[in-house]
Amino acid sequence: MGLLTGKNALVFGLANDKSIAWGITQALHREGANIGISYAGEMLEKRVRPLAAQVGADFVEQCNVDSDEQITAVAEKAKAHFGEIDVLVHSIGFANKNELQGNFYDTSRAGFHLAMDISVFSFVALAKAFQPMIRRGGALLTLTYYGSVKVAPNYNMMGVAKAALESATRYLARDFGPQGIRVNAISAGPVRTLAAMGVSGFRDMHRNFVEMAPMRENITIEDCGNAAVYLCSNMSAHVTGEIHYVDSGYNIMAAPDPNSLKEQKGE
Ligand code: NAD
């Protein structure tokens with residue numbers, strides 16, 4: 001019996017087989033959850049449907065989270081299909097490419113609003129729409145990045161959005177706590193995905209990560225999936241409002257380890 005047998009899990013943010021949402025979907029499925037998938041728009045459908053079939057998901061629905069109507073519609077469809085939901089995963093982020101390079105002060109008003117709307121408000125809006133159908137013992141989960149706490153060059157607007165998302169996670173944890181529902185975030189190390197490639201200099205950041213991280217290894221979408229199983233199952237009962245790092249320990253370091261630099265040079 002899996003850790004999530006008999007649970008209904010809805011995953012938002014699947015784009016392709018590189019998506020963090022895919023690592024999470026596979027892990028939730030492995031642990032016995034019934035999977036539902038929501039994706040952003042028509043252009044992604046031909047990538048998403050075959051992945052959904054691999055995990056036996058027969059709830060596959062489009063939802064652009066910039067639309068209140070689409071959020072309401074997907075919630076109504078989920079209610080009709082599943083009745084109740086145990087796990088809701090929000091693996092969505094977006095900022096215009098021009099906001100992910102250069103100086104942060106060049107962020108436009110419209111770009112600021114857009115990134116906050118899609119990357120932060122959508123989590124709040126989904127939480128509200130699904131609140132009536134999430135079962136006691138259920139869990140909400142979002143994805144964040146360390147650029148919320150420290151400056152990651154070029155991450156700019158997304159860093160500010162992730163700071164707001166982490167705060168929203170704590171406020172939602174307070175709201176949902178009395179219902180016995182937990183709200184947490186995974187702070188993932190860099191992973192080569194569609195969204196990440198939009199950040200200027202991401203390839204270098206991904207490469208340099210292993211020099212700083214105590215474990216000297218990049219993380220995988222499978223790592224995020226396994227952490228998601230913990231955070232969405234009874235294994236983490238009474239853990240809520242937390243930012244859980246899956247980053248090979250990168251966030252505990254204040255400077256690159258000289259031993260790591262020697263290892264790189266083969267000394
Ligand atoms: P991804 O491109 O695979 O996923 C991002 C998803 O957001 C896509 O499925 C996209 O369709 C969806 N999305 C964007 N705008 C949307 C909208 N208006 N409506 C609905 N969906 C929309 O990339 P990913 O890296 O897997 O990103 C998932 C989450 O993980 C994001 O929140 C991202 O910030 C976060 N994250 C990524 C990394 C990384 O290095 N890749 C690190 C830490 C956190």
# chains A, B, ... in the order shown; residues from 1 in each chain; ligands from 1
call {"tool": "residues_around", "arguments": {"residues": "Gln179 of chain A", "least_positions_apart": "6", "cutoff": "10 Å", "atoms": "only C-alpha atoms", "output": "JSON, numbers by chain"}}
result
{"A": [131, 134, 135, 136, 137, 138]}
call {"tool": "write_last_selection", "arguments": {"atoms": "N, CA and C atoms", "output": "compact mmCIF listing (two decimals), in the first residue's frame"}}
result
# COMPACT_ATOMS: atom_id res chain seq x y z
N GLN A 131 -10.90 25.18 -1.53
CA GLN A 131 -11.08 25.04 -0.08
C GLN A 131 -12.32 24.21 0.31
N ILE A 134 -11.48 20.31 -0.17
CA ILE A 134 -10.27 19.63 0.32
C ILE A 134 -10.58 18.95 1.64
N ARG A 135 -10.26 17.66 1.67
CA ARG A 135 -10.59 16.84 2.85
C ARG A 135 -9.65 17.13 4.01
N ARG A 136 -10.14 16.93 5.23
CA ARG A 136 -9.31 16.99 6.43
C ARG A 136 -8.12 16.05 6.24
N GLY A 137 -6.94 16.47 6.65
CA GLY A 137 -5.73 15.66 6.44
C GLY A 137 -5.08 15.96 5.10
N GLY A 138 -5.71 16.85 4.32
CA GLY A 138 -5.19 17.19 2.99
C GLY A 138 -4.01 18.15 3.05
call {"tool": "residues_near_ligand", "arguments": {"ligand": "ligand 1", "cutoff": "8 Å", "atoms": "only C-alpha atoms and all ligand atoms", "output": "PyMOL selection string"}}
result
chain A and resi 12-22+38-41+44+63-66+90-94+118-119+142-146+158+162+186-197+206
call {"tool": "residues_around", "arguments": {"residues": "Ala185 of chain A", "least_positions_apart": "3", "cutoff": "8 Å", "atoms": "only C-alpha atoms", "output": "list in words"}}
result
Leu141, Thr142, Leu143, Thr144, Glu166, Thr169, Gly241, Glu242, Ile243 and His244 of chain A
call {"tool": "write_last_selection", "arguments": {"atoms": "C-alpha atoms", "output": "PDB file, in the first residue's frame"}}
result
ATOM      1  CA  LEU A 141       2.016  22.493  -1.929  1.00  0.00           C
ATOM      2  CA  THR A 142       3.813  25.151  -3.965  1.00  0.00           C
ATOM      3  CA  LEU A 143       7.281  25.519  -5.469  1.00  0.00           C
ATOM      4  CA  THR A 144       9.696  28.291  -4.619  1.00  0.00           C
ATOM      5  CA  GLU A 166       6.555  32.022   0.704  1.00  0.00           C
ATOM      6  CA  THR A 169       2.260  29.899   2.126  1.00  0.00           C
ATOM      7  CA  GLY A 241       3.719  26.780   6.717  1.00  0.00           C
ATOM      8  CA  GLU A 242       7.233  25.484   6.041  1.00  0.00           C
ATOM      9  CA  ILE A 243       9.691  26.201   3.245  1.00  0.00           C
ATOM     10  CA  HIS A 244      11.378  22.838   2.701  1.00  0.00           C
TER      11      HIS A 244
END
call {"tool": "atom_distance", "arguments": {"atom1": "atom CA of Gln264 of chain A", "atom2": "atom CA of Asn218 of chain A"}}
result
14.8 Å
call {"tool": "residues_around", "arguments": {"residues": "Asn154 of chain A", "least_positions_apart": "6", "cutoff": "9 Å", "atoms": "only C-alpha atoms", "output": "tab-separated table (two decimals) with C-alpha atoms, in the first residue's frame"}}
result
chain	number	residue	atom	x	y	z
A	99	GLU	CA	12.16	41.09	-16.28
A	100	LEU	CA	14.67	38.26	-15.76
A	101	GLN	CA	17.82	40.09	-16.77
A	102	GLY	CA	19.73	43.29	-16.01
A	103	ASN	CA	18.82	45.62	-13.19
A	104	PHE	CA	15.88	44.87	-10.94
A	199	VAL	CA	16.24	33.39	-16.55
A	200	SER	CA	19.28	35.03	-18.12
A	201	GLY	CA	22.49	33.17	-17.17
A	202	PHE	CA	20.60	30.12	-15.85
call {"tool": "residues_around", "arguments": {"residues": "segment 5-9 of chain A", "least_positions_apart": "3", "cutoff": "7 Å", "atoms": "only C-alpha atoms", "output": "PDB file with N, CA and C atoms, in the first residue's frame"}}
result
ATOM      1  N   MET A   1       0.842  -1.201   0.000  1.00  0.00           N
ATOM      2  CA  MET A   1       0.000   0.000   0.000  1.00  0.00           C
ATOM      3  C   MET A   1       0.883   1.259   0.000  1.00  0.00           C
ATOM      4  N   GLY A   2       0.541   2.197  -0.874  1.00  0.00           N
ATOM      5  CA  GLY A   2       1.342   3.414  -0.968  1.00  0.00           C
ATOM      6  C   GLY A   2       0.975   4.426   0.111  1.00  0.00           C
ATOM      7  N   GLU A  31       2.857   6.420  -5.251  1.00  0.00           N
ATOM      8  CA  GLU A  31       2.372   6.179  -3.880  1.00  0.00           C
ATOM      9  C   GLU A  31       0.872   5.939  -3.819  1.00  0.00           C
ATOM     10  N   GLY A  32       0.255   5.775  -4.991  1.00  0.00           N
ATOM     11  CA  GLY A  32      -1.135   5.303  -5.013  1.00  0.00           C
ATOM     12  C   GLY A  32      -2.196   6.373  -5.177  1.00  0.00           C
ATOM     13  N   ALA A  33      -1.805   7.640  -5.369  1.00  0.00           N
ATOM     14  CA  ALA A  33      -2.820   8.700  -5.514  1.00  0.00           C
ATOM     15  C   ALA A  33      -3.518   8.612  -6.873  1.00  0.00           C
ATOM     16  N   ASN A  34      -4.805   8.968  -6.902  1.00  0.00           N
ATOM     17  CA  ASN A  34      -5.513   9.177  -8.177  1.00  0.00           C
ATOM     18  C   ASN A  34      -5.115  10.567  -8.654  1.00  0.00           C
ATOM     19  N   ILE A  35      -4.639  10.646  -9.880  1.00  0.00           N
ATOM     20  CA  ILE A  35      -4.077  11.918 -10.347  1.00  0.00           C
ATOM     21  C   ILE A  35      -5.040  12.694 -11.242  1.00  0.00           C
ATOM     22  N   GLY A  36      -5.109  14.000 -11.018  1.00  0.00           N
ATOM     23  CA  GLY A  36      -5.743  14.921 -11.943  1.00  0.00           C
ATOM     24  C   GLY A  36      -4.708  15.946 -12.357  1.00  0.00           C
ATOM     25  N   ILE A  85     -10.912  16.428  -2.694  1.00  0.00           N
ATOM     26  CA  ILE A  85      -9.489  16.467  -3.083  1.00  0.00           C
ATOM     27  C   ILE A  85      -8.648  16.345  -1.802  1.00  0.00           C
ATOM     28  N   ASP A  86      -7.543  15.636  -1.902  1.00  0.00           N
ATOM     29  CA  ASP A  86      -6.638  15.512  -0.744  1.00  0.00           C
ATOM     30  C   ASP A  86      -5.358  16.315  -0.926  1.00  0.00           C
ATOM     31  N   VAL A  87      -4.923  16.438  -2.183  1.00  0.00           N
ATOM     32  CA  VAL A  87      -3.633  17.085  -2.446  1.00  0.00           C
ATOM     33  C   VAL A  87      -3.784  18.050  -3.612  1.00  0.00           C
ATOM     34  N   LEU A  88      -3.315  19.287  -3.409  1.00  0.00           N
ATOM     35  CA  LEU A  88      -3.300  20.247  -4.514  1.00  0.00           C
ATOM     36  C   LEU A  88      -1.870  20.783  -4.664  1.00  0.00           C
TER      37      LEU A  88
END
call {"tool": "closest_residue", "arguments": {"among": "A:Arg109, A:Lys128, A:Lys77, A:Arg30", "to": "Val55 of chain A", "atoms": "only C-alpha atoms"}}
result
A:Arg30
call {"tool": "residues_around", "arguments": {"residues": "Ser248 of chain A", "least_positions_apart": "6", "cutoff": "12 Å", "atoms": "only C-alpha atoms", "output": "list in words"}}
result
Ser187, Ala188, Gly189, Pro190, Phe209, Val210, Glu211, Met212, Ala213, Pro214, Met215, Arg216, Glu217, Asn218, Ile219, Thr220, Asp223 and Cys224 of chain A
call {"tool": "write_last_selection", "arguments": {"atoms": "N, CA and C atoms", "output": "mmCIF file, in the first residue's frame"}}
result
data_model
loop_
_atom_site.group_PDB
_atom_site.id
_atom_site.type_symbol
_atom_site.label_atom_id
_atom_site.label_comp_id
_atom_site.auth_asym_id
_atom_site.auth_seq_id
_atom_site.Cartn_x
_atom_site.Cartn_y
_atom_site.Cartn_z
ATOM 1 N N SER A 187 11.420 24.495 -1.678
ATOM 2 C CA SER A 187 12.363 25.417 -2.314
ATOM 3 C C SER A 187 13.403 24.562 -3.030
ATOM 4 N N ALA A 188 13.253 24.496 -4.347
ATOM 5 C CA ALA A 188 14.075 23.592 -5.155
ATOM 6 C C ALA A 188 15.343 24.276 -5.645
ATOM 7 N N GLY A 189 16.422 23.520 -5.721
ATOM 8 C CA GLY A 189 17.620 24.007 -6.391
ATOM 9 C C GLY A 189 17.358 24.110 -7.879
ATOM 10 N N PRO A 190 18.309 24.681 -8.655
ATOM 11 C CA PRO A 190 18.050 24.872 -10.088
ATOM 12 C C PRO A 190 17.879 23.560 -10.856
ATOM 13 N N PHE A 209 26.244 25.849 -9.266
ATOM 14 C CA PHE A 209 25.525 25.385 -8.071
ATOM 15 C C PHE A 209 26.302 24.267 -7.367
ATOM 16 N N VAL A 210 26.846 23.332 -8.149
ATOM 17 C CA VAL A 210 27.506 22.161 -7.538
ATOM 18 C C VAL A 210 28.800 22.541 -6.807
ATOM 19 N N GLU A 211 29.370 23.699 -7.145
ATOM 20 C CA GLU A 211 30.583 24.129 -6.433
ATOM 21 C C GLU A 211 30.245 24.602 -5.025
ATOM 22 N N MET A 212 29.078 25.151 -4.868
ATOM 23 C CA MET A 212 28.670 25.727 -3.585
ATOM 24 C C MET A 212 27.952 24.696 -2.709
ATOM 25 N N ALA A 213 27.170 23.823 -3.330
ATOM 26 C CA ALA A 213 26.332 22.897 -2.558
ATOM 27 C C ALA A 213 27.186 21.855 -1.850
ATOM 28 N N PRO A 214 26.976 21.662 -0.538
ATOM 29 C CA PRO A 214 27.765 20.673 0.198
ATOM 30 C C PRO A 214 27.748 19.292 -0.462
ATOM 31 N N MET A 215 26.610 18.932 -1.070
ATOM 32 C CA MET A 215 26.533 17.589 -1.658
ATOM 33 C C MET A 215 27.135 17.516 -3.058
ATOM 34 N N ARG A 216 27.526 18.696 -3.626
ATOM 35 C CA ARG A 216 28.197 18.741 -4.941
ATOM 36 C C ARG A 216 27.387 18.129 -6.074
ATOM 37 N N GLU A 217 26.077 18.093 -5.898
ATOM 38 C CA GLU A 217 25.235 17.507 -6.944
ATOM 39 C C GLU A 217 24.029 18.382 -7.205
ATOM 40 N N ASN A 218 23.638 18.458 -8.481
ATOM 41 C CA ASN A 218 22.368 19.113 -8.796
ATOM 42 C C ASN A 218 21.211 18.229 -8.347
ATOM 43 N N ILE A 219 20.090 18.869 -8.178
ATOM 44 C CA ILE A 219 18.905 18.096 -7.760
ATOM 45 C C ILE A 219 18.127 17.656 -9.003
ATOM 46 N N THR A 220 17.166 16.763 -8.803
ATOM 47 C CA THR A 220 16.355 16.247 -9.917
ATOM 48 C C THR A 220 14.869 16.470 -9.630
ATOM 49 N N ASP A 223 13.734 14.132 -6.988
ATOM 50 C CA ASP A 223 13.948 14.586 -5.604
ATOM 51 C C ASP A 223 12.754 15.422 -5.135
ATOM 52 N N CYS A 224 12.285 16.295 -6.030
ATOM 53 C CA CYS A 224 11.125 17.136 -5.663
ATOM 54 C C CYS A 224 9.901 16.261 -5.460
#
